[in-house]
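Shown next: my_file-v2.txt, containing compact mmCIF, C-alpha atoms and all ligand atoms.
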# COMPACT_ATOMS: atom_id res chain seq x y z
CA MET Q 11 -10.39 -14.83 -2.83
CA THR Q 12 -11.17 -18.17 -1.21
CA CYS Q 13 -8.29 -20.45 -2.09
CA ARG Q 14 -6.20 -21.63 0.81
CA VAL Q 15 -2.44 -21.33 0.41
CA PRO Q 16 -1.17 -24.87 0.84
CA VAL Q 17 1.49 -25.12 3.53
CA GLN Q 18 3.97 -27.50 1.98
CA GLN Q 19 5.45 -29.93 4.46
CA SER Q 20 8.92 -28.80 3.46
CA THR Q 21 8.14 -25.24 4.58
CA ILE Q 22 7.09 -26.37 8.05
CA ARG Q 23 10.12 -26.57 10.27
CA LYS Q 24 10.50 -29.30 12.89
CA LYS Q 25 7.97 -28.70 15.64
CA ALA Q 26 9.62 -26.60 18.32
CA PRO Q 27 9.11 -27.64 21.95
CA MET Q 28 7.14 -24.48 22.71
CA THR Q 29 5.63 -24.86 26.13
CA THR Q 30 3.91 -21.48 26.36
CA ASP Q 31 0.52 -20.88 24.77
CA ILE Q 32 0.57 -17.82 22.50
CA THR Q 33 -2.29 -15.36 22.25
CA ILE Q 34 -2.20 -12.64 19.60
CA ILE Q 35 -4.72 -9.79 19.74
CA GLY Q 36 -5.55 -8.39 16.28
CA ALA Q 37 -5.72 -9.99 12.81
CA GLY Q 38 -4.13 -7.08 10.94
CA LEU Q 39 -1.07 -7.59 8.77
CA GLY Q 40 1.26 -7.63 11.80
CA GLY Q 41 -0.64 -10.16 13.92
CA LEU Q 42 -1.27 -12.46 10.98
CA THR Q 43 2.39 -12.40 9.89
CA LEU Q 44 3.39 -13.43 13.41
CA ALA Q 45 0.82 -16.26 13.42
CA ARG Q 46 2.02 -17.42 10.01
CA VAL Q 47 5.74 -17.43 10.92
CA LEU Q 48 4.97 -19.33 14.13
CA HIS Q 49 2.97 -21.82 12.07
CA VAL Q 50 5.87 -22.26 9.64
CA HIS Q 51 7.93 -23.24 12.69
CA GLY Q 52 5.25 -25.62 13.93
CA ILE Q 53 4.22 -23.37 16.82
CA PRO Q 54 0.48 -22.92 17.34
CA ALA Q 55 -1.05 -19.57 18.26
CA THR Q 56 -4.54 -18.15 18.55
CA VAL Q 57 -5.43 -14.75 17.08
CA TYR Q 58 -8.42 -12.93 18.59
CA GLU Q 59 -9.94 -10.33 16.27
CA ALA Q 60 -12.69 -7.82 17.08
CA GLU Q 61 -14.24 -7.83 13.63
CA PRO Q 62 -16.92 -10.47 13.09
CA SER Q 63 -15.48 -11.89 9.86
CA PRO Q 64 -12.65 -11.40 7.33
CA ALA Q 65 -15.07 -9.51 5.08
CA ALA Q 66 -16.49 -7.25 7.79
CA ARG Q 67 -14.70 -4.14 6.55
CA SER Q 68 -13.10 -3.03 3.33
CA GLN Q 69 -9.37 -3.24 3.96
CA GLY Q 70 -8.46 0.02 2.27
CA GLY Q 71 -6.33 0.70 -0.76
CA MET Q 72 -2.93 -0.18 -2.05
CA LEU Q 73 0.27 -0.70 -0.11
CA ASP Q 74 3.77 -0.59 -1.51
CA ILE Q 75 5.64 -3.49 0.02
CA HIS Q 76 9.31 -2.69 0.43
CA ASP Q 77 12.24 -4.99 -0.29
CA TYR Q 78 13.92 -3.89 2.96
CA ASN Q 79 11.07 -4.71 5.39
CA GLY Q 80 7.64 -5.94 4.16
CA GLN Q 81 9.10 -8.30 1.57
CA LEU Q 82 11.60 -9.68 4.10
CA ALA Q 83 8.64 -10.55 6.31
CA LEU Q 84 6.84 -12.32 3.47
CA GLU Q 85 10.01 -14.24 2.68
CA THR Q 86 10.19 -15.39 6.30
CA ALA Q 87 6.52 -16.32 6.10
CA GLY Q 88 7.19 -18.44 2.98
CA LEU Q 89 4.64 -16.44 0.98
CA MET Q 90 6.73 -14.70 -1.70
CA ASP Q 91 5.15 -16.62 -4.59
CA GLU Q 92 1.66 -15.74 -3.39
CA PHE Q 93 2.75 -12.12 -2.90
CA ARG Q 94 4.20 -11.88 -6.42
CA GLY Q 95 0.83 -13.04 -7.75
CA LEU Q 96 -0.82 -9.98 -6.19
CA ILE Q 97 1.49 -7.30 -7.61
CA ILE Q 98 -0.30 -4.79 -9.80
CA GLU Q 99 2.15 -4.03 -12.57
CA GLY Q 100 3.05 -0.45 -13.39
CA ARG Q 101 1.86 1.05 -10.12
CA GLN Q 102 5.31 2.14 -8.91
CA ALA Q 103 5.13 5.02 -11.37
CA MET Q 104 5.01 8.42 -9.66
CA ARG Q 105 4.06 11.91 -10.75
CA VAL Q 106 4.63 15.10 -8.76
CA LEU Q 107 2.43 18.03 -9.80
CA ASP Q 108 1.99 21.55 -8.55
CA PRO Q 109 -1.47 22.90 -7.60
CA GLU Q 110 -1.91 24.32 -11.13
CA GLY Q 111 -1.52 20.79 -12.48
CA THR Q 112 1.95 21.32 -13.98
CA LEU Q 113 4.10 18.20 -13.98
CA LEU Q 114 7.20 18.82 -11.84
CA HIS Q 115 8.70 15.35 -11.84
CA GLU Q 116 7.88 11.90 -13.13
CA LEU Q 117 9.17 8.43 -12.37
CA ALA Q 118 8.31 5.52 -14.66
CA ASP Q 119 7.74 2.00 -13.40
CA ASP Q 120 10.22 -0.16 -15.30
CA GLY Q 121 9.44 -3.22 -13.22
CA THR Q 122 12.73 -3.11 -11.31
CA GLY Q 123 11.64 -0.98 -8.35
CA GLY Q 124 11.78 -2.36 -4.82
CA ARG Q 125 8.31 -1.25 -3.76
CA PRO Q 126 5.67 -3.15 -5.73
CA GLU Q 127 2.05 -2.30 -5.01
CA VAL Q 128 -0.64 -4.73 -3.89
CA LEU Q 129 -4.13 -4.36 -2.49
CA ARG Q 130 -4.12 -4.54 1.30
CA GLY Q 131 -7.19 -6.79 1.38
CA GLU Q 132 -5.58 -9.33 -0.97
CA LEU Q 133 -2.35 -9.31 1.03
CA ARG Q 134 -4.27 -9.93 4.24
CA GLN Q 135 -6.15 -12.77 2.52
CA ILE Q 136 -3.00 -14.72 1.57
CA LEU Q 137 -1.94 -14.54 5.21
CA LEU Q 138 -5.36 -15.73 6.38
CA ASP Q 139 -5.37 -18.53 3.82
CA SER Q 140 -1.96 -19.70 5.01
CA LEU Q 141 -3.12 -20.40 8.58
CA PRO Q 142 -4.80 -23.53 9.91
CA ALA Q 143 -8.59 -23.22 10.17
CA GLY Q 144 -9.65 -21.80 13.50
CA THR Q 145 -6.40 -19.89 14.15
CA VAL Q 146 -8.30 -16.60 13.94
CA GLN Q 147 -11.19 -16.28 16.38
CA TRP Q 148 -13.40 -13.61 14.81
CA GLY Q 149 -15.82 -11.47 16.80
CA HIS Q 150 -13.56 -11.35 19.88
CA LYS Q 151 -13.18 -7.72 20.86
CA VAL Q 152 -10.83 -7.30 23.79
CA SER Q 153 -12.20 -4.99 26.44
CA GLY Q 154 -9.44 -5.35 29.04
CA THR Q 155 -6.27 -7.12 30.07
CA ARG Q 156 -4.64 -7.71 33.44
CA THR Q 157 -1.48 -9.23 34.82
CA LEU Q 158 -1.83 -12.39 36.90
CA GLY Q 159 1.86 -12.61 37.82
CA ASP Q 160 4.47 -15.15 36.69
CA GLY Q 161 4.24 -13.75 33.19
CA ARG Q 162 0.64 -14.83 32.71
CA HIS Q 163 -2.13 -12.47 31.62
CA GLU Q 164 -5.90 -12.55 31.54
CA VAL Q 165 -7.70 -11.14 28.50
CA THR Q 166 -11.35 -10.13 28.81
CA PHE Q 167 -13.61 -9.87 25.78
CA ALA Q 168 -16.59 -7.62 25.23
CA ASP Q 169 -19.00 -10.53 25.82
CA GLY Q 170 -17.48 -11.09 29.29
CA SER Q 171 -15.55 -14.25 28.39
CA THR Q 172 -11.87 -14.51 29.31
CA VAL Q 173 -8.69 -16.35 28.35
CA VAL Q 174 -5.49 -16.74 30.34
CA THR Q 175 -2.25 -16.91 28.39
CA GLY Q 176 1.45 -17.40 28.94
CA LEU Q 177 2.41 -15.05 26.10
CA LEU Q 178 0.23 -12.13 25.10
CA VAL Q 179 1.06 -10.16 21.94
CA GLY Q 180 -0.74 -6.88 21.29
CA ALA Q 181 -1.10 -6.55 17.52
CA ASP Q 182 -4.30 -4.58 17.96
CA GLY Q 183 -3.32 -1.34 16.30
CA ALA Q 184 -3.45 2.31 17.30
CA TRP Q 185 -5.86 1.96 20.21
CA SER Q 186 -4.33 -1.21 21.63
CA ARG Q 187 -5.95 -2.73 24.72
CA VAL Q 188 -2.72 -4.59 25.46
CA ARG Q 189 -0.45 -1.51 25.47
CA PRO Q 190 -1.46 -0.35 29.00
CA LEU Q 191 0.25 -3.47 30.40
CA LEU Q 192 3.55 -2.04 29.14
CA SER Q 193 3.25 1.71 28.75
CA ALA Q 194 1.11 4.70 29.67
CA ALA Q 195 1.61 6.29 26.23
CA THR Q 196 -1.47 7.11 24.15
CA PRO Q 197 -1.64 8.30 20.53
CA GLU Q 198 -1.95 12.04 19.95
CA TYR Q 199 -3.46 13.86 16.99
CA ILE Q 200 -0.64 14.96 14.63
CA GLY Q 201 -2.43 18.10 13.44
CA LYS Q 202 -3.46 16.67 10.10
CA SER Q 203 -6.34 14.57 8.79
CA VAL Q 204 -6.95 13.01 5.42
CA VAL Q 205 -10.22 12.69 3.56
CA GLU Q 206 -10.50 9.58 1.41
CA THR Q 207 -12.31 9.57 -1.92
CA TYR Q 208 -12.73 7.05 -4.75
CA LEU Q 209 -13.40 7.67 -8.44
CA PHE Q 210 -14.46 4.57 -10.39
CA ASP Q 211 -14.05 3.95 -14.16
CA ALA Q 212 -11.86 7.02 -14.29
CA ASP Q 213 -10.42 6.45 -17.78
CA THR Q 214 -13.86 6.85 -19.29
CA ARG Q 215 -15.73 8.93 -16.71
CA HIS Q 216 -12.91 11.24 -15.55
CA PRO Q 217 -10.23 11.14 -18.28
CA ALA Q 218 -8.51 14.40 -17.28
CA VAL Q 219 -8.15 13.20 -13.69
CA ALA Q 220 -6.98 9.77 -14.82
CA LYS Q 221 -4.33 11.43 -17.00
CA ALA Q 222 -3.15 13.64 -14.13
CA VAL Q 223 -2.78 10.65 -11.81
CA GLY Q 224 -1.12 8.53 -14.49
CA ALA Q 225 -0.26 4.84 -14.14
CA GLY Q 226 0.69 4.84 -10.46
CA ALA Q 227 0.77 7.50 -7.77
CA MET Q 228 0.39 11.26 -7.97
CA ILE Q 229 1.39 13.77 -5.31
CA VAL Q 230 0.60 17.45 -4.99
CA LEU Q 231 2.26 18.85 -1.93
CA THR Q 232 2.07 22.30 -0.36
CA PRO Q 233 2.96 23.34 3.17
CA ASP Q 234 -0.61 23.18 4.51
CA LYS Q 235 -2.53 20.88 2.17
CA GLU Q 236 -1.88 18.06 -0.22
CA ILE Q 237 -3.44 15.46 -2.45
CA PHE Q 238 -2.06 11.97 -2.80
CA ALA Q 239 -3.84 9.80 -5.37
CA HIS Q 240 -3.25 6.30 -6.64
CA ARG Q 241 -4.50 4.24 -9.54
CA GLU Q 242 -5.70 0.99 -8.04
CA LYS Q 243 -6.81 -2.11 -9.96
CA GLY Q 244 -8.15 -1.22 -13.39
CA ASP Q 245 -8.99 2.47 -13.52
CA THR Q 246 -10.16 3.08 -9.97
CA LEU Q 247 -8.59 6.20 -8.50
CA HIS Q 248 -8.17 6.44 -4.72
CA ALA Q 249 -7.25 9.78 -3.18
CA TYR Q 250 -6.11 10.96 0.24
CA VAL Q 251 -6.80 14.67 0.53
CA GLY Q 252 -4.73 16.00 3.43
CA LEU Q 253 -5.33 19.17 5.44
CA TYR Q 254 -3.34 20.48 8.39
CA GLU Q 255 -6.28 21.56 10.51
CA SER Q 256 -7.30 20.98 14.12
CA GLN Q 257 -9.79 18.33 15.17
CA ASP Q 258 -12.18 21.17 16.07
CA TRP Q 259 -11.96 22.43 12.49
CA PHE Q 260 -12.91 18.99 11.14
CA ALA Q 261 -15.62 18.57 13.79
CA ALA Q 262 -17.36 21.60 12.30
CA VAL Q 263 -17.65 19.77 8.96
CA ASP Q 264 -20.68 17.48 8.89
CA PHE Q 265 -19.41 14.33 7.17
CA ALA Q 266 -22.91 12.80 7.49
CA ASP Q 267 -23.86 15.34 4.79
CA ALA Q 268 -21.63 14.02 1.98
CA ALA Q 269 -22.35 16.86 -0.45
CA GLY Q 270 -21.83 19.55 2.19
CA ALA Q 271 -18.59 17.99 3.44
CA THR Q 272 -17.31 17.60 -0.12
CA ALA Q 273 -18.02 21.26 -0.87
CA ARG Q 274 -16.36 22.40 2.38
CA ILE Q 275 -13.18 20.39 1.74
CA ALA Q 276 -13.07 21.44 -1.94
CA GLN Q 277 -13.32 25.09 -0.84
CA GLU Q 278 -9.89 24.71 0.78
CA PHE Q 279 -8.48 23.84 -2.64
CA SER Q 280 -9.98 26.72 -4.59
CA GLY Q 281 -7.58 27.85 -7.30
CA TRP Q 282 -6.18 24.33 -7.78
CA ALA Q 283 -6.46 22.77 -11.24
CA PRO Q 284 -9.90 21.22 -11.96
CA GLU Q 285 -8.38 17.80 -12.71
CA LEU Q 286 -7.05 17.86 -9.14
CA THR Q 287 -10.10 19.23 -7.33
CA ALA Q 288 -12.20 16.66 -9.19
CA LEU Q 289 -10.56 14.07 -6.93
CA ILE Q 290 -12.61 15.73 -4.17
CA THR Q 291 -15.77 16.85 -5.95
CA ASP Q 292 -16.33 13.83 -8.23
CA GLY Q 293 -15.96 11.08 -5.63
CA ASP Q 294 -18.22 8.07 -6.13
CA ILE Q 295 -18.55 7.33 -2.43
CA ALA Q 296 -19.14 9.66 0.51
CA PRO Q 297 -15.83 11.22 1.63
CA VAL Q 298 -14.33 9.44 4.64
CA LEU Q 299 -12.51 11.45 7.29
CA ARG Q 300 -9.39 9.85 8.79
CA PRO Q 301 -7.79 11.86 11.61
CA LEU Q 302 -4.12 10.92 11.99
CA TYR Q 303 -2.54 10.03 15.33
CA ALA Q 304 0.94 9.01 16.46
CA LEU Q 305 2.66 7.65 19.55
CA PRO Q 306 5.74 9.56 20.71
CA THR Q 307 8.66 8.83 18.39
CA GLY Q 308 10.98 6.37 20.11
CA HIS Q 309 8.14 4.92 22.23
CA ARG Q 310 9.52 2.03 24.27
CA TRP Q 311 8.97 0.22 27.54
CA ASP Q 312 10.78 -1.84 30.15
CA ARG Q 313 10.49 -5.57 29.74
CA VAL Q 314 7.34 -7.00 31.37
CA PRO Q 315 7.29 -10.80 31.50
CA GLY Q 316 4.90 -12.54 29.13
CA VAL Q 317 3.68 -9.61 27.03
CA THR Q 318 4.82 -7.50 24.10
CA LEU Q 319 3.48 -5.34 21.25
CA LEU Q 320 4.03 -5.12 17.51
CA GLY Q 321 3.07 -2.83 14.64
CA ASP Q 322 0.94 0.24 15.31
CA ALA Q 323 0.27 -0.91 18.88
CA ALA Q 324 4.00 -0.44 19.51
CA HIS Q 325 4.95 2.47 17.26
CA LEU Q 326 2.01 4.17 15.56
CA SER Q 327 3.38 7.03 13.49
CA ALA Q 328 2.17 9.55 10.94
CA PRO Q 329 1.53 7.66 7.68
CA ASN Q 330 4.81 7.57 5.79
CA GLY Q 331 4.45 4.42 3.72
CA GLU Q 332 6.23 2.28 6.32
CA GLY Q 333 3.58 1.32 8.91
CA ALA Q 334 2.18 -1.86 7.36
CA ASN Q 335 5.64 -2.91 6.22
CA LEU Q 336 7.01 -2.46 9.74
CA ALA Q 337 4.08 -4.30 11.32
CA MET Q 338 4.77 -7.30 9.08
CA LEU Q 339 8.49 -7.20 9.80
CA ASP Q 340 7.78 -7.01 13.55
CA GLY Q 341 5.54 -10.06 13.26
CA ALA Q 342 8.14 -12.00 11.30
CA GLU Q 343 11.01 -11.03 13.61
CA LEU Q 344 9.05 -11.87 16.75
CA GLY Q 345 8.04 -15.21 15.24
CA LYS Q 346 11.67 -16.00 14.42
CA ALA Q 347 12.85 -15.02 17.91
CA LEU Q 348 10.23 -17.24 19.57
CA ALA Q 349 11.15 -20.14 17.30
CA ALA Q 350 14.82 -19.64 18.18
CA HIS Q 351 14.10 -19.65 21.94
CA PRO Q 352 11.05 -21.86 22.35
CA ASP Q 353 11.82 -22.62 25.99
CA ASP Q 354 12.88 -19.10 26.96
CA ILE Q 355 10.31 -16.56 25.84
CA GLU Q 356 11.87 -13.71 27.86
CA THR Q 357 15.08 -14.01 25.87
CA ALA Q 358 13.02 -14.08 22.67
CA LEU Q 359 11.03 -10.98 23.68
CA THR Q 360 14.16 -9.11 24.73
CA GLU Q 361 15.90 -9.86 21.43
CA TYR Q 362 12.82 -8.82 19.46
CA GLU Q 363 12.23 -5.58 21.36
CA GLN Q 364 15.88 -4.49 21.35
CA ALA Q 365 15.88 -4.62 17.55
CA MET Q 366 12.34 -3.31 17.10
CA PHE Q 367 12.70 -0.13 19.22
CA PRO Q 368 15.49 1.49 17.15
CA ARG Q 369 14.09 0.15 13.87
CA SER Q 370 10.71 1.79 14.40
CA ALA Q 371 12.18 5.02 15.80
CA GLU Q 372 14.36 5.36 12.72
CA ALA Q 373 11.43 4.70 10.40
CA ALA Q 374 9.31 7.33 12.17
CA THR Q 375 11.95 10.00 11.69
CA PHE Q 376 12.53 9.01 8.07
CA GLU Q 377 9.09 10.24 7.07
CA GLY Q 378 7.80 10.35 3.56
CA ALA Q 379 7.51 14.00 2.62
CA GLU Q 380 3.73 13.67 2.75
CA ALA Q 381 3.95 13.29 6.52
CA HIS Q 382 5.77 16.53 7.25
CA GLY Q 383 3.99 19.30 9.05
CA PRO Q 384 3.45 22.82 7.79
CA ASP Q 385 6.41 24.09 9.79
CA SER Q 386 8.78 21.64 8.22
CA ASP Q 387 11.37 22.87 5.79
CA ASN Q 388 10.88 19.59 3.97
CA SER Q 389 7.23 20.21 3.25
CA THR Q 390 7.71 21.28 -0.33
CA ALA Q 391 7.40 19.56 -3.66
CA HIS Q 392 11.00 20.58 -4.31
CA ASP Q 393 12.29 18.54 -1.37
CA LEU Q 394 10.11 15.62 -2.34
CA ILE Q 395 11.67 15.61 -5.80
CA VAL Q 396 15.15 15.81 -4.31
CA ALA Q 397 14.31 12.79 -2.14
CA PHE Q 398 13.06 10.82 -5.17
CA THR Q 399 16.11 11.73 -7.20
CA GLN Q 400 18.42 10.61 -4.40
CA GLN Q 401 16.47 7.36 -4.12
CA GLN Q 402 16.89 6.72 -7.82
CA GLN Q 403 20.61 7.41 -7.66
CA SER Q 404 21.30 5.21 -4.63
CA PRO Q 405 22.48 1.68 -5.53
C1 LIG D 501 -4.50 6.96 5.78
C2 LIG D 501 -3.44 5.92 6.02
C3 LIG D 501 -2.65 5.48 4.95
C4 LIG D 501 -1.66 4.52 5.17
N1 LIG D 501 -0.90 4.11 4.12
C5 LIG D 501 0.08 3.21 4.33
C6 LIG D 501 0.91 2.76 3.26
O1 LIG D 501 0.73 3.17 2.09
N2 LIG D 501 1.90 1.87 3.52
C7 LIG D 501 2.12 1.38 4.77
O2 LIG D 501 3.04 0.56 4.96
N3 LIG D 501 1.35 1.77 5.82
C8 LIG D 501 0.35 2.66 5.62
N4 LIG D 501 -0.42 3.07 6.68
C9 LIG D 501 -0.14 2.54 8.01
C10 LIG D 501 -0.72 1.12 8.18
O3 LIG D 501 -2.09 1.14 7.86
C11 LIG D 501 -0.54 0.60 9.60
O4 LIG D 501 0.74 0.92 10.09
C12 LIG D 501 -0.72 -0.91 9.65
O5 LIG D 501 -2.03 -1.26 9.28
C13 LIG D 501 -0.43 -1.45 11.04
O6 LIG D 501 -0.69 -2.84 11.06
P1 LIG D 501 -1.05 -3.55 12.44
O7 LIG D 501 -1.21 -5.00 12.10
O8 LIG D 501 -0.07 -3.15 13.47
O9 LIG D 501 -2.42 -2.90 12.89
P2 LIG D 501 -3.84 -2.82 12.17
O10 LIG D 501 -3.73 -2.94 10.70
O11 LIG D 501 -4.51 -1.62 12.75
O12 LIG D 501 -4.58 -4.12 12.68
C14 LIG D 501 -5.04 -4.23 14.02
C15 LIG D 501 -6.12 -5.29 14.09
O13 LIG D 501 -6.52 -5.41 15.47
C16 LIG D 501 -7.92 -5.40 15.54
N5 LIG D 501 -8.30 -4.85 16.84
C17 LIG D 501 -8.24 -3.56 17.24
N6 LIG D 501 -8.68 -3.43 18.50
C18 LIG D 501 -9.02 -4.67 18.90
C19 LIG D 501 -9.55 -5.19 20.12
N7 LIG D 501 -9.84 -4.39 21.17
N8 LIG D 501 -9.79 -6.52 20.22
C20 LIG D 501 -9.52 -7.36 19.16
N9 LIG D 501 -9.01 -6.91 18.00
C21 LIG D 501 -8.77 -5.59 17.87
C22 LIG D 501 -8.38 -4.54 14.38
O14 LIG D 501 -9.72 -4.81 14.02
C23 LIG D 501 -7.38 -4.92 13.29
O15 LIG D 501 -7.81 -6.03 12.54
C24 LIG D 501 -1.44 4.01 6.47
C25 LIG D 501 -2.24 4.45 7.54
C26 LIG D 501 -3.23 5.39 7.31
C27 LIG D 501 -4.07 5.86 8.48
Translate this file's structure into C-alpha cells.
Ligand SMILES: Cc1cc2nc3c(=O)[nH]c(=O)nc-3n(C[C@H](O)[C@H](O)[C@H](O)COP(=O)(O)OP(=O)(O)OC[C@H]3O[C@@H](n4cnc5c(N)ncnc54)[C@H](O)[C@@H]3O)c2cc1C
Amino acid sequence: MTCRVPVQQSTIRKKAPMTTDITIIGAGLGGLTLARVLHVHGIPATVYEAEPSPAARSQGGMLDIHDYNGQLALETAGLMDEFRGLIIEGRQAMRVLDPEGTLLHELADDGTGGRPEVLRGELRQILLDSLPAGTVQWGHKVSGTRTLGDGRHEVTFADGSTVVTGLLVGADGAWSRVRPLLSAATPEYIGKSVVETYLFDADTRHPAVAKAVGAGAMIVLTPDKEIFAHREKGDTLHAYVGLYESQDWFAAVDFADAAGATARIAQEFSGWAPELTALITDGDIAPVLRPLYALPTGHRWDRVPGVTLLGDAAHLSAPNGEGANLAMLDGAELGKALAAHPDDIETALTEYEQAMFPRSAEAATFEGAEAHGPDSDNSTAHDLIVAFTQQQQSP
C-alpha cells in the first residue's frame, strides 16, 4: 500500500509549545501510534528504527483490534476510517475443536463483535502513511543508551553515530536497548514456544483443513500442546503450533532442515485428526520457531527524568491477544499526556506511567486461555468455552 493518509488540517490541533525534542526508538505499532498522536497535536518527533525499510520484514499475521484498547488508540490517532477499511469481514468467527477434530463450540461473526481482524502489516502502513516524510529514520539500530544528566540522554547507533535527546521513549520491543536506563529486568522464557506455518489456497488445496478452521479462528487446546489457526485474507491459513517444551528441547530440533523439523513437531501431535496435523505437515513455507518470553508481571520502575517505555519494552507478556493493542494504547496515552503538559514532561510521564503500570499488569493476568501453562487449571478447552460464553453474555 503506498497511499499516504492525508492529515486534514482540522485533525491537527493547535501547535503545542513543546520545547523538548522527542526521540522514539522503534517503529512498531506502539512507537508509530505515539508519533502519530504527537503529530495530530502538532508536536514533532523522530522515530529511529533498526530495520532498513518498511518492507524489510513480513509483519506477521492478523491482529484482532479491541474496542477497549487498540481501537481507542486509533480513535485518538484520528485513523478510524482508515482502520475500518482494513477490516477483514467474517474473521471474528471462532471454532473450538478437540484433538480428534470434534467441534466443541462455535461462535459466528455477525459483524457486531468488538474485535475486528486486520493484517498487522496493513495496520502499520496506515500509521506510517499518516506521518510526515522523514519522521521514521530507517536503518538506525540502537546499540546503547546513556544518561547525561538533567533528563537528557545519548543514544548510540550501530554505525557509531549518536543523538542527544530531551525525551527518550523506548518502543523497541522485547529486547529494548532503552529499558536498562529504567530497570534491570530482562525477559525470561515462559516454557512454551510456537511454530508458525502457512497453508496457501487452502479451500482448493487443503479443503478438509480449511473446513476445520472455518471462516475465522480455530483453537485446539490441551494442557501441554495446542494449535491456533486463522484464516487470513482469501483462503490463506496461518497456524501457531504451541508446545510446552524447554529451550533445550527446541534446540535439538534442526529448523534449518524444514522437512526434519516438520516431522519432529508433527510427531508430538500423533493421534490428532489429520485435518489438524496437516496444519503442520502441509505448510507451504519452512516452519518458523518463535520462543516466547515475558517480563515479570507488574514490571515497573521509579521515575527517571527524560525517559520512559511503552509496549513490549515496558510489559512484554505471554501472547494473549492484548500485546499489540496495549502497545498502541500506550502510544496514544503517552502522546495525549505530552500534549496536555507540553512544558512539563515529567508530569506527563508520571501521569502516563501511573495509568500504564496497572493497566498492563491487569492485562497480563487476564490471559487468553492459549497462554496458560500446563499446570494451570484453566488450560482446558472446557474453560476456554466457559470464557467465550461469559464474553458473549456480558453486555
Ligand atoms: C506469536 C505471537 C503472536 C502474537 N499475537 C498477538 C495478537 O494476536 N494480538 C496482539 O495484540 N498481540 C499479539 N502479540 C504481541 C504483539 O506482537 C506485541 O505485543 C506488539 O508487537 C508490541 O508492539 P511494540 O510496538 O511494543 O513492539 P514491536 O512490535 O516489537 O516493535 C518494536 C520495533 O522496534 C524495533 N527495534 C527493536 N530493537 C531495536 C533497536 N535496538 N534499535 C532500533 N529499533 C529497534 C523493531 O525492529 C520493531 O520495529 C503476539 C506476539 C507473538 C510473539
Let me make sure I understand: among Q:Ala118, Q:Ala261, Q:Leu336, Q:Leu129, which one has the smallest atom-to-atom distance to ligand LIG 501 (chain D) if we use only C-alpha atoms and all ligand atoms? Q:Leu336
Surrounding residues of segment 154-166 of chain Q excluding itself and chain neighbours under 2 positions, 7 Å, all atoms listed in the file, as a ChimeraX atom specification: /Q:152,168,170-178,187-188,315-316
Give me, as CSV, each residue of chain Q that comes within 7 Å of ligand LIG 501 (chain D), together with its shortest interatomic pair and the distance in Å at one decimal, counting all atoms listed in the file, with rows ordered by chain and rising residue number.
residue,atom,partner,partner_atom,distance
Q:Ile35,CA,D:LIG501,C20,5.4
Q:Gly36,CA,D:LIG501,O13,3.2
Q:Ala37,CA,D:LIG501,O15,4.5
Q:Gly38,CA,D:LIG501,O12,3.5
Q:Leu39,CA,D:LIG501,O7,4.2
Q:Gly40,CA,D:LIG501,O7,3.6
Q:Gly41,CA,D:LIG501,O7,5.5
Q:Tyr58,CA,D:LIG501,C20,5.7
Q:Glu59,CA,D:LIG501,N9,3.9
Q:Ala60,CA,D:LIG501,C20,3.8
Q:Glu61,CA,D:LIG501,O14,5.5
Q:Met72,CA,D:LIG501,O1,6.5
Q:Leu73,CA,D:LIG501,O1,4.5
Q:Asp74,CA,D:LIG501,N2,5.9
Q:Ile75,CA,D:LIG501,O2,6.9
Q:His150,CA,D:LIG501,C20,5.7
Q:Lys151,CA,D:LIG501,N8,3.7
Q:Val152,CA,D:LIG501,N8,3.8
Q:Ser153,CA,D:LIG501,N7,5.8
Q:Ala181,CA,D:LIG501,O8,5.4
Q:Asp182,CA,D:LIG501,O13,3.4
Q:Gly183,CA,D:LIG501,O11,3.8
Q:Ala184,CA,D:LIG501,O11,6.1
Q:Trp185,CA,D:LIG501,N6,6.3
Q:Ser186,CA,D:LIG501,N6,5.8
Q:Arg187,CA,D:LIG501,N7,5.5
Q:Val204,CA,D:LIG501,C1,6.5
Q:Arg300,CA,D:LIG501,C1,6.4
Q:Leu302,CA,D:LIG501,C27,6.2
Q:Leu320,CA,D:LIG501,O8,6.1
Q:Gly321,CA,D:LIG501,O8,3.4
Q:Asp322,CA,D:LIG501,O8,4.0
Q:Ala323,CA,D:LIG501,O8,5.9
Q:Leu326,CA,D:LIG501,O4,6.5
Q:Pro329,CA,D:LIG501,C24,4.9
Q:Asn330,CA,D:LIG501,C5,6.6
Q:Gly331,CA,D:LIG501,N2,3.6
Q:Glu332,CA,D:LIG501,O2,3.9
Q:Gly333,CA,D:LIG501,O4,3.1
Q:Ala334,CA,D:LIG501,O2,3.5
Q:Asn335,CA,D:LIG501,O2,4.5
Q:Leu336,CA,D:LIG501,O2,6.9
Q:Ala337,CA,D:LIG501,O8,4.8
As a list in words, please: the residues near Gly201 of chain Q (cut-off 6 Å, all atoms listed in the file, same-chain neighbours under 2 positions excluded). Tyr199, Tyr254, Glu255 and Ser256 of chain Q
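Each of Q:Glu363, Q:Glu92, Q:Glu242, Q:Glu206 was compared to Ile295 of chain Q using all atoms listed in the file, and Q:Glu206 turns out to be the nearest.
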Kindly give the distance, in Å, that separates atom CA of Asp169 of chain Q and atom CA of His49 of chain Q, rounded to a single decimal. 28.3 Å
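Residues in contact with Leu113 of chain Q at 10 Å, where only C-alpha atoms are counted and same-chain residues fewer than 6 positions away are skipped, are listed as Arg105, Val106, Leu107, Ala222, Met228 and Val230 of chain Q.
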Expected file contents, prior selection, C-alpha atoms, as a CSV table (one decimal), in the coordinates of the input:
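So the final result, stored in out-v2.csv, reads:
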chain,number,residue,atom,x,y,z
Q,105,ARG,CA,4.1,11.9,-10.8
Q,106,VAL,CA,4.6,15.1,-8.8
Q,107,LEU,CA,2.4,18.0,-9.8
Q,222,ALA,CA,-3.2,13.6,-14.1
Q,228,MET,CA,0.4,11.3,-8.0
Q,230,VAL,CA,0.6,17.4,-5.0
For a cutoff of 8 Å around the file-coordinate point (3.4, 2.4, -16.5), which residues qualify once you count all atoms listed in the file? I'd like the result as a ChimeraX atom specification. /Q:99-103,118-120,224-226
Take the residues from that selection and write them out as a short mmCIF file (atom, residue, chain, number, x, y, z; two decimals), in the frame of the given file, keeping C-alpha atoms.
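Contents of the output file result06.cif:
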data_model
loop_
_atom_site.label_atom_id
_atom_site.label_comp_id
_atom_site.auth_asym_id
_atom_site.auth_seq_id
_atom_site.Cartn_x
_atom_site.Cartn_y
_atom_site.Cartn_z
CA GLU Q 99 2.15 -4.03 -12.57
CA GLY Q 100 3.05 -0.45 -13.39
CA ARG Q 101 1.86 1.05 -10.12
CA GLN Q 102 5.31 2.14 -8.91
CA ALA Q 103 5.13 5.02 -11.37
CA ALA Q 118 8.31 5.52 -14.66
CA ASP Q 119 7.74 2.00 -13.40
CA ASP Q 120 10.22 -0.16 -15.30
CA GLY Q 224 -1.12 8.53 -14.49
CA ALA Q 225 -0.26 4.84 -14.14
CA GLY Q 226 0.69 4.84 -10.46
#
